[in-house]
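Working notes, beginning with the structure itself.
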Amino acid sequence: MNSISIQNLTKTYAGGTEALKGVNLEVASGDFCALLGANGAGKTTIIGILTGLVNKTSGSVRIFDYDIDQNHSKAKKVIGVVPQEMNFNIFERVEDIVVNQAGYFGIDRTTAFAEAEKNLKQLRLWDRRHEIARNLSGGMKRRLMIARALVNKPKLLILDEPTAGVDVELRHSMWEFLGELNGQGVTILLTTHYLEEVEQLCRQAAIIKDGQIIANDRVKNLVKLVAKETYIVHVDEIRSLEKIRGYNPVVIDENTFEVELSKEERLNEFIAYLSQLGMMVTDFRPKGNRIEKLFLNILNSKTEAGIGA
Amino acid sequence: MTKHGQYIAYTTIVRKEVTRVLRIWPQTLFPPVITQTLYFLIFGKFIGAQIRDIHGVSYMSFIIPGLVMMAVINNSFMNVVSSFFSSKFQRSIEELLVSSTSNKIIIAGYVTGGVVRGIIVGFLVFLVSIFFTRPQIHHLGIIFPFVFLTAVVFALGGLLNAIFAKKFDDISIFPTFILTPMIYLGGVFYSIDNLPPFWQMISKFNPVLYMVNGFRYGFHGFSDVNVLASFMILVVFAAVLTAVNLVLLARGTGLKT
Ligand SMILES: Nc1ncnc2c1ncn2[C@@H]1O[C@H](COP(=O)(O)OP(=O)(O)O)[C@@H](O)[C@H]1O
Ligand SMILES: [Mg+2]
């Protein structure tokens, strides 16, 4: 069974913005799927429609067995959502925020308190449960929204850019946590614009651009499209470039050049090789945005195949 | 969601609303009691001493039901409009929108919060009035339904206002330009018998007149208008406002994009 099936979904906002132009997307039950796209691509709009915050213009959406036109209330019962932006009352206490959310799902208070305790402990917020939400740090607020989203034991957890603006440590612990949840059978859909996140976490990724899904594939197939990455290398002096011809070097100035390395090629070995050639590497960094490259490659491959982009 | 589940959702909203009223009592309970006390002092005591009895009761006694009702109206309205609008503003209303709580329950929960605050403030104002004059009670069976229904109607009105409001200014426009004049011209301070016929006729289009007079009948046993008709008007208002709110919530007006 699919946990999400979206067909021909469109959304035109009141101002006339066509945010979604016929989106088709299926997420299998138990999957860990990424919705990958740049700002303004339509990710939050899709999530808004799934969770009842945005009215769709046309198309159909099913969550497990429920069509949202007929049975949105039942569909909502199995969804947990972590929004992109804070949406709790900052003057409410942490524990109340979680317990009240359980109440809105019709969960009795005893169960709600037990569930809130479990979730707040898991997300390392239990010590702060009596504080008002305003006093939490940014990362804690994000974790609070995760604790809240889990209170109805959702079968489908949707997270809208959960790691945007979150420090590296929290990002990694969040990945681990989401991985565990998925292991317990929770279907996860998350939006992101970090390709790294998708590679780490997800089996499936749908790529959205300007309100349309331009690719929907296993992550391992998608990353093949960006198998080679461009690096910028600074050296004390450029020597014997012909010896590294295979890496497609492009000279930028007297100390700088670009090379292309595939994933299998070890960076350390490449740097060691440069020093063998008498070039002392002073700086070494990936050039620009892999995700942009992925987009370009997808669009190019489609145009080549005659599908059009 | 099951009936029991909906009941839990209802009590969750009500608990949150009532907790809010009690937690910020210096904003929600205290000021209206002070304001009404000033009315008792100035109109009832200082000016009222020079005004002759109305239908055989002192001016102070005459204005008590109106001033209690004024407090109920203002506070049930303000509670819902400010609480619902600020949850829209902070976006915490999304907690309800993404949940399985039905729209009926959302309305019932917020309206109950407004009714509770309206009735608490009304009762406090009534307690204060005891310092000024001995209370008269003609018919409790009239007082309770009137105060309850009035609170319901204005709580529903507050919800309607909050649904349409886009910024904080929008939640003070209706109270300032419509609600307050309606209350002042609704026979709180005078009997419309004393008005020229033209103004009497105009007054009869003001729903607050029926609320104040029905309520006053419960205290003093006289009214400018038919009490049963007043009651029916309240019921109709409550039904219509409930229906309008339900339609707006179903459409997502002011809440969904
Ligand atoms: N409430 C709204 N009213 C009008 N336009 C909107 C609204 N929300 C989003 N949009 C527009 O819809 C498009 C998609 O936005 P969004 O779904 O938020 O993208 P993403 O989450 O991928 O960044 C953007 O052009 C955005 O400006
Ligand atoms: Mg977004």
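By convention here, the chains of the structure tokens are called A, B, ... in the order presented, each chain's residues are numbered starting at 1, and ligands are numbered starting at 1 in the order presented.
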
Counting only C-alpha atoms, which residues of chain A sit at most 9 Å from some atom of chain B, and what is each one's closest atom pair with its distance in Å to one decimal, listed by chain and rising residue number, as a Markdown table?
```
| residue | atom | partner | partner_atom | distance |
| --- | --- | --- | --- | --- |
| A:Tyr13 | CA | B:Thr257 | CA | 6.9 |
| A:Ala14 | CA | B:Thr257 | CA | 7.5 |
| A:Gly48 | CA | B:Lys256 | CA | 8.9 |
| A:Thr51 | CA | B:Val98 | CA | 5.5 |
| A:Gly52 | CA | B:Val98 | CA | 5.7 |
| A:Leu53 | CA | B:Lys256 | CA | 5.2 |
| A:Val54 | CA | B:Thr257 | CA | 5.0 |
| A:Asn55 | CA | B:Thr257 | CA | 6.2 |
| A:Lys56 | CA | B:Thr257 | CA | 8.9 |
| A:His72 | CA | B:Ser100 | CA | 8.1 |
| A:Ser73 | CA | B:Ser100 | CA | 4.8 |
| A:Lys74 | CA | B:Ser100 | CA | 6.9 |
| A:Ala75 | CA | B:Ser100 | CA | 8.3 |
| A:Lys76 | CA | B:Ser100 | CA | 5.8 |
| A:Lys77 | CA | B:Ser100 | CA | 5.8 |
| A:Ile79 | CA | B:Val98 | CA | 8.4 |
| A:Gly80 | CA | B:Val98 | CA | 8.4 |
| A:Val81 | CA | B:Val98 | CA | 7.9 |
| A:Met86 | CA | B:Arg91 | CA | 7.9 |
| A:Asn87 | CA | B:Ser92 | CA | 4.8 |
| A:Phe88 | CA | B:Ser92 | CA | 4.5 |
| A:Asn89 | CA | B:Ser92 | CA | 5.6 |
| A:Ile90 | CA | B:Gln90 | CA | 8.2 |
| A:Asp96 | CA | B:Lys16 | CA | 9.0 |
| A:Val99 | CA | B:Thr12 | CA | 9.0 |
| A:Asn100 | CA | B:Thr12 | CA | 6.2 |
| A:Gln101 | CA | B:Glu95 | CA | 6.5 |
| A:Ala102 | CA | B:Ala9 | CA | 8.4 |
| A:Gly103 | CA | B:Ala9 | CA | 5.0 |
| A:Tyr104 | CA | B:Ala9 | CA | 4.5 |
| A:Phe105 | CA | B:Ser100 | CA | 5.4 |
| A:Gly106 | CA | B:Gly5 | CA | 3.7 |
| A:Ile107 | CA | B:Gly5 | CA | 6.5 |
| A:Asp108 | CA | B:Ile8 | CA | 6.4 |
| A:Arg109 | CA | B:Ile8 | CA | 8.3 |
```

Inset, instruction - Find the residues near ligand 1. Use a cut-off of 7 Å, count only C-alpha atoms and all ligand atoms, and write them as a list of chain:residue names. - result: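 Final answer, ordered by chain and number: A:Tyr13, A:Ala14, A:Gly15, A:Thr17, A:Glu18, A:Ala19, A:Gly37, A:Ala38, A:Asn39, A:Gly40, A:Ala41, A:Gly42, A:Lys43, A:Thr44, A:Thr45, A:Ile46, B:Thr257.
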
Restrict the selected residues to all heavy atoms and save them as an mmCIF file, in the first residue's frame.
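Final output, saved to part_20.cif:
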```
data_model
loop_
_atom_site.group_PDB
_atom_site.id
_atom_site.type_symbol
_atom_site.label_atom_id
_atom_site.label_comp_id
_atom_site.auth_asym_id
_atom_site.auth_seq_id
_atom_site.Cartn_x
_atom_site.Cartn_y
_atom_site.Cartn_z
ATOM 1 N N TYR A 13 -2.369 29.934 -5.790
ATOM 2 C CA TYR A 13 -2.690 30.780 -4.632
ATOM 3 C C TYR A 13 -3.540 31.968 -5.069
ATOM 4 O O TYR A 13 -3.589 32.315 -6.259
ATOM 5 C CB TYR A 13 -1.405 31.267 -3.945
ATOM 6 C CG TYR A 13 -0.775 30.224 -3.060
ATOM 7 C CD1 TYR A 13 0.389 29.563 -3.444
ATOM 8 C CD2 TYR A 13 -1.341 29.887 -1.831
ATOM 9 C CE1 TYR A 13 0.970 28.599 -2.627
ATOM 10 C CE2 TYR A 13 -0.767 28.931 -1.019
ATOM 11 C CZ TYR A 13 0.380 28.285 -1.416
ATOM 12 O OH TYR A 13 0.945 27.340 -0.615
ATOM 13 N N ALA A 14 -4.175 32.585 -4.076
ATOM 14 C CA ALA A 14 -5.085 33.696 -4.348
ATOM 15 C C ALA A 14 -4.431 34.772 -5.212
ATOM 16 O O ALA A 14 -5.054 35.313 -6.104
ATOM 17 C CB ALA A 14 -5.574 34.292 -3.032
ATOM 18 N N GLY A 15 -3.160 35.055 -4.971
ATOM 19 C CA GLY A 15 -2.474 36.091 -5.754
ATOM 20 C C GLY A 15 -2.201 35.693 -7.195
ATOM 21 O O GLY A 15 -1.770 36.501 -7.999
ATOM 22 N N THR A 17 -0.193 32.946 -8.002
ATOM 23 C CA THR A 17 1.006 32.101 -8.110
ATOM 24 C C THR A 17 0.607 30.648 -8.319
ATOM 25 O O THR A 17 -0.139 30.085 -7.527
ATOM 26 C CB THR A 17 1.840 32.168 -6.813
ATOM 27 O OG1 THR A 17 2.040 33.522 -6.476
ATOM 28 C CG2 THR A 17 3.171 31.446 -6.988
ATOM 29 N N GLU A 18 1.121 30.057 -9.398
ATOM 30 C CA GLU A 18 0.890 28.626 -9.615
ATOM 31 C C GLU A 18 1.976 27.856 -8.894
ATOM 32 O O GLU A 18 3.055 27.636 -9.446
ATOM 33 C CB GLU A 18 0.972 28.312 -11.109
ATOM 34 C CG GLU A 18 -0.291 28.587 -11.883
ATOM 35 C CD GLU A 18 -0.104 28.112 -13.321
ATOM 36 O OE1 GLU A 18 -0.097 26.891 -13.544
ATOM 37 O OE2 GLU A 18 0.066 28.978 -14.196
ATOM 38 N N ALA A 19 1.701 27.449 -7.674
ATOM 39 C CA ALA A 19 2.739 26.810 -6.866
ATOM 40 C C ALA A 19 2.917 25.350 -7.267
ATOM 41 O O ALA A 19 4.034 24.835 -7.228
ATOM 42 C CB ALA A 19 2.398 26.921 -5.393
ATOM 43 N N GLY A 37 14.133 20.102 -3.351
ATOM 44 C CA GLY A 37 13.900 21.182 -4.292
ATOM 45 C C GLY A 37 14.341 22.510 -3.720
ATOM 46 O O GLY A 37 14.460 22.663 -2.504
ATOM 47 N N ALA A 38 14.570 23.462 -4.602
ATOM 48 C CA ALA A 38 15.043 24.776 -4.184
ATOM 49 C C ALA A 38 13.915 25.539 -3.494
ATOM 50 O O ALA A 38 12.763 25.106 -3.497
ATOM 51 C CB ALA A 38 15.533 25.551 -5.403
ATOM 52 N N ASN A 39 14.238 26.676 -2.919
ATOM 53 C CA ASN A 39 13.221 27.530 -2.317
ATOM 54 C C ASN A 39 12.173 27.925 -3.333
ATOM 55 O O ASN A 39 12.508 28.292 -4.451
ATOM 56 C CB ASN A 39 13.870 28.817 -1.794
ATOM 57 C CG ASN A 39 14.337 28.642 -0.371
ATOM 58 O OD1 ASN A 39 13.741 27.863 0.386
ATOM 59 N ND2 ASN A 39 15.382 29.340 -0.017
ATOM 60 N N GLY A 40 10.917 27.837 -2.930
ATOM 61 C CA GLY A 40 9.843 28.251 -3.815
ATOM 62 C C GLY A 40 9.416 27.196 -4.803
ATOM 63 O O GLY A 40 8.557 27.431 -5.654
ATOM 64 N N ALA A 41 9.979 25.990 -4.699
ATOM 65 C CA ALA A 41 9.650 24.929 -5.659
ATOM 66 C C ALA A 41 8.236 24.375 -5.437
ATOM 67 O O ALA A 41 7.632 23.838 -6.365
ATOM 68 C CB ALA A 41 10.676 23.807 -5.555
ATOM 69 N N GLY A 42 7.735 24.493 -4.223
ATOM 70 C CA GLY A 42 6.385 23.996 -3.942
ATOM 71 C C GLY A 42 6.324 22.921 -2.867
ATOM 72 O O GLY A 42 5.279 22.318 -2.644
ATOM 73 N N LYS A 43 7.423 22.696 -2.159
ATOM 74 C CA LYS A 43 7.468 21.633 -1.138
ATOM 75 C C LYS A 43 6.478 21.891 -0.006
ATOM 76 O O LYS A 43 5.688 21.022 0.362
ATOM 77 C CB LYS A 43 8.894 21.525 -0.549
ATOM 78 C CG LYS A 43 9.980 21.280 -1.584
ATOM 79 C CD LYS A 43 11.354 21.157 -0.952
ATOM 80 C CE LYS A 43 11.878 22.429 -0.277
ATOM 81 N NZ LYS A 43 12.151 23.560 -1.188
ATOM 82 N N THR A 44 6.539 23.082 0.549
ATOM 83 C CA THR A 44 5.670 23.399 1.682
ATOM 84 C C THR A 44 4.201 23.381 1.261
ATOM 85 O O THR A 44 3.328 23.004 2.039
ATOM 86 C CB THR A 44 6.066 24.763 2.288
ATOM 87 O OG1 THR A 44 7.423 24.679 2.704
ATOM 88 C CG2 THR A 44 5.204 25.124 3.494
ATOM 89 N N THR A 45 3.952 23.773 0.027
ATOM 90 C CA THR A 45 2.577 23.740 -0.468
ATOM 91 C C THR A 45 2.046 22.305 -0.481
ATOM 92 O O THR A 45 0.920 22.043 -0.044
ATOM 93 C CB THR A 45 2.514 24.360 -1.876
ATOM 94 O OG1 THR A 45 3.020 25.699 -1.803
ATOM 95 C CG2 THR A 45 1.094 24.386 -2.396
ATOM 96 N N ILE A 46 2.856 21.367 -0.963
ATOM 97 C CA ILE A 46 2.425 19.960 -0.969
ATOM 98 C C ILE A 46 2.120 19.508 0.456
ATOM 99 O O ILE A 46 1.073 18.906 0.731
ATOM 100 C CB ILE A 46 3.517 19.049 -1.590
ATOM 101 C CG1 ILE A 46 3.664 19.359 -3.080
ATOM 102 C CG2 ILE A 46 3.172 17.571 -1.376
ATOM 103 C CD1 ILE A 46 4.684 18.499 -3.805
ATOM 104 N N THR B 257 -4.790 28.721 3.095
ATOM 105 C CA THR B 257 -4.519 29.529 1.896
ATOM 106 C C THR B 257 -4.932 28.759 0.656
ATOM 107 O O THR B 257 -5.142 27.571 0.701
ATOM 108 C CB THR B 257 -3.022 29.875 1.804
ATOM 109 O OG1 THR B 257 -2.273 28.693 2.056
ATOM 110 C CG2 THR B 257 -2.658 30.916 2.823
#
```

Legend entry - Gly254 of chain B surroundings by only C-alpha atoms, 10 Å radius, close-in-sequence under 6 positions cut, as a list in words: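 Answer for this query is Lys88, Ala162, Ile163, Phe164, Ala165, Lys166 and Leu248 of chain B.
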
Inset, instruction - Identify which of the residues A:Leu225, A:Ala164, A:Ile6, A:Ile232 lies closest to ligand 2, counting only C-alpha atoms and all ligand atoms when measuring atom-to-atom distances. - result: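 So, comparing all the options, the nearest one is A:Ala164.
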
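Neighbouring residues of Met1 of chain A at 7 Å or closer, counting only C-alpha atoms and skipping chain neighbours under 6 positions away, are Ala28, Ser29 and Phe64 of chain A.
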
Output C-alpha atoms of each residue in that selection to a file, as an mmCIF file, in the first residue's frame.
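The result, stored in again.cif:
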```
data_model
loop_
_atom_site.group_PDB
_atom_site.id
_atom_site.type_symbol
_atom_site.label_atom_id
_atom_site.label_comp_id
_atom_site.auth_asym_id
_atom_site.auth_seq_id
_atom_site.Cartn_x
_atom_site.Cartn_y
_atom_site.Cartn_z
ATOM 1 C CA ALA A 28 5.271 3.499 -0.455
ATOM 2 C CA SER A 29 4.325 2.566 3.055
ATOM 3 C CA PHE A 64 -3.139 5.325 3.172
#
```

Inset, instruction - Can you check which residues of segment 50-282 of chain A DSSP gives as strand (DSSP E) on the backbone and send them as an NGL selection string? - result: :A and (58-63 or 66-67 or 79-82 or 156-160 or 187-192 or 204-209 or 212-218 or 228-235 or 250-253 or 256-262 or 281-282)

Inset, instruction - One decimal, Å: what's the distance from atom CA of Ile4 of chain A over to atom CA of Val219 of chain A, could you say? - result: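 According to the coordinates, atom CA of Ile4 of chain A and atom CA of Val219 of chain A are separated by 18.2 Å.
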
Inset, instruction - Using only C-alpha atoms, determine which residues lie at most 7 Å from Arg117 of chain B, disregarding the query and same-chain residues fewer than 5 positions distant; provide the list as JSON, numbers by chain. - result: {"B": [21, 75, 76]}

Legend entry - Contacts of Leu170 of chain A at 10 Å (only C-alpha atoms; same-chain gap of 3+ positions) as a PyMOL selection string: chain A and resi 139-140+142-143+163+166-167+173-176

Could the residues in this selection be saved with C-alpha atoms as a JSON list (two decimals), in the first residue's frame?
```
[["chain", "number", "residue", "atom", "x", "y", "z"],
["A", 139, "GLY", "CA", 17.32, 23.59, 18.22],
["A", 140, "MET", "CA", 15.14, 22.77, 21.23],
["A", 142, "ARG", "CA", 12.68, 22.20, 16.59],
["A", 143, "ARG", "CA", 12.87, 19.13, 18.81],
["A", 163, "THR", "CA", 17.50, 20.56, 9.54],
["A", 166, "VAL", "CA", 20.27, 23.52, 12.69],
["A", 167, "ASP", "CA", 23.83, 22.92, 13.89],
["A", 173, "SER", "CA", 21.35, 13.23, 16.04],
["A", 174, "MET", "CA", 18.14, 14.08, 14.22],
["A", 175, "TRP", "CA", 19.15, 11.87, 11.30],
["A", 176, "GLU", "CA", 19.83, 9.05, 13.68]]
```

Inset, instruction - Could you give me, as a list in words, the residues within 9 Å of segment 51-58 of chain B, counting only C-alpha atoms and dropping anything in the same chain fewer than 5 positions from it? - result: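 Answer for this query is Gly44, Ile63, Tyr190, Ser191, His220 and Phe222 of chain B.
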
Legend entry - Every residue of segment 2-249 of chain B that DSSP places in alpha helix (DSSP H), as an MDAnalysis selection string: chainID B and resid 3:23 25:28 30:39 59:89 93:97 103:129 140:164 170:174 180:184 197:203 207:220 227:249

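Computed from the coordinates, the atom CA of Val18 of chain B to atom CA of Val80 of chain B distance equals 11.2 Å.
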
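Taking atom CA of Glu258 of chain A and atom CA of Glu199 of chain A as endpoints, the distance between them is 24.4 Å.
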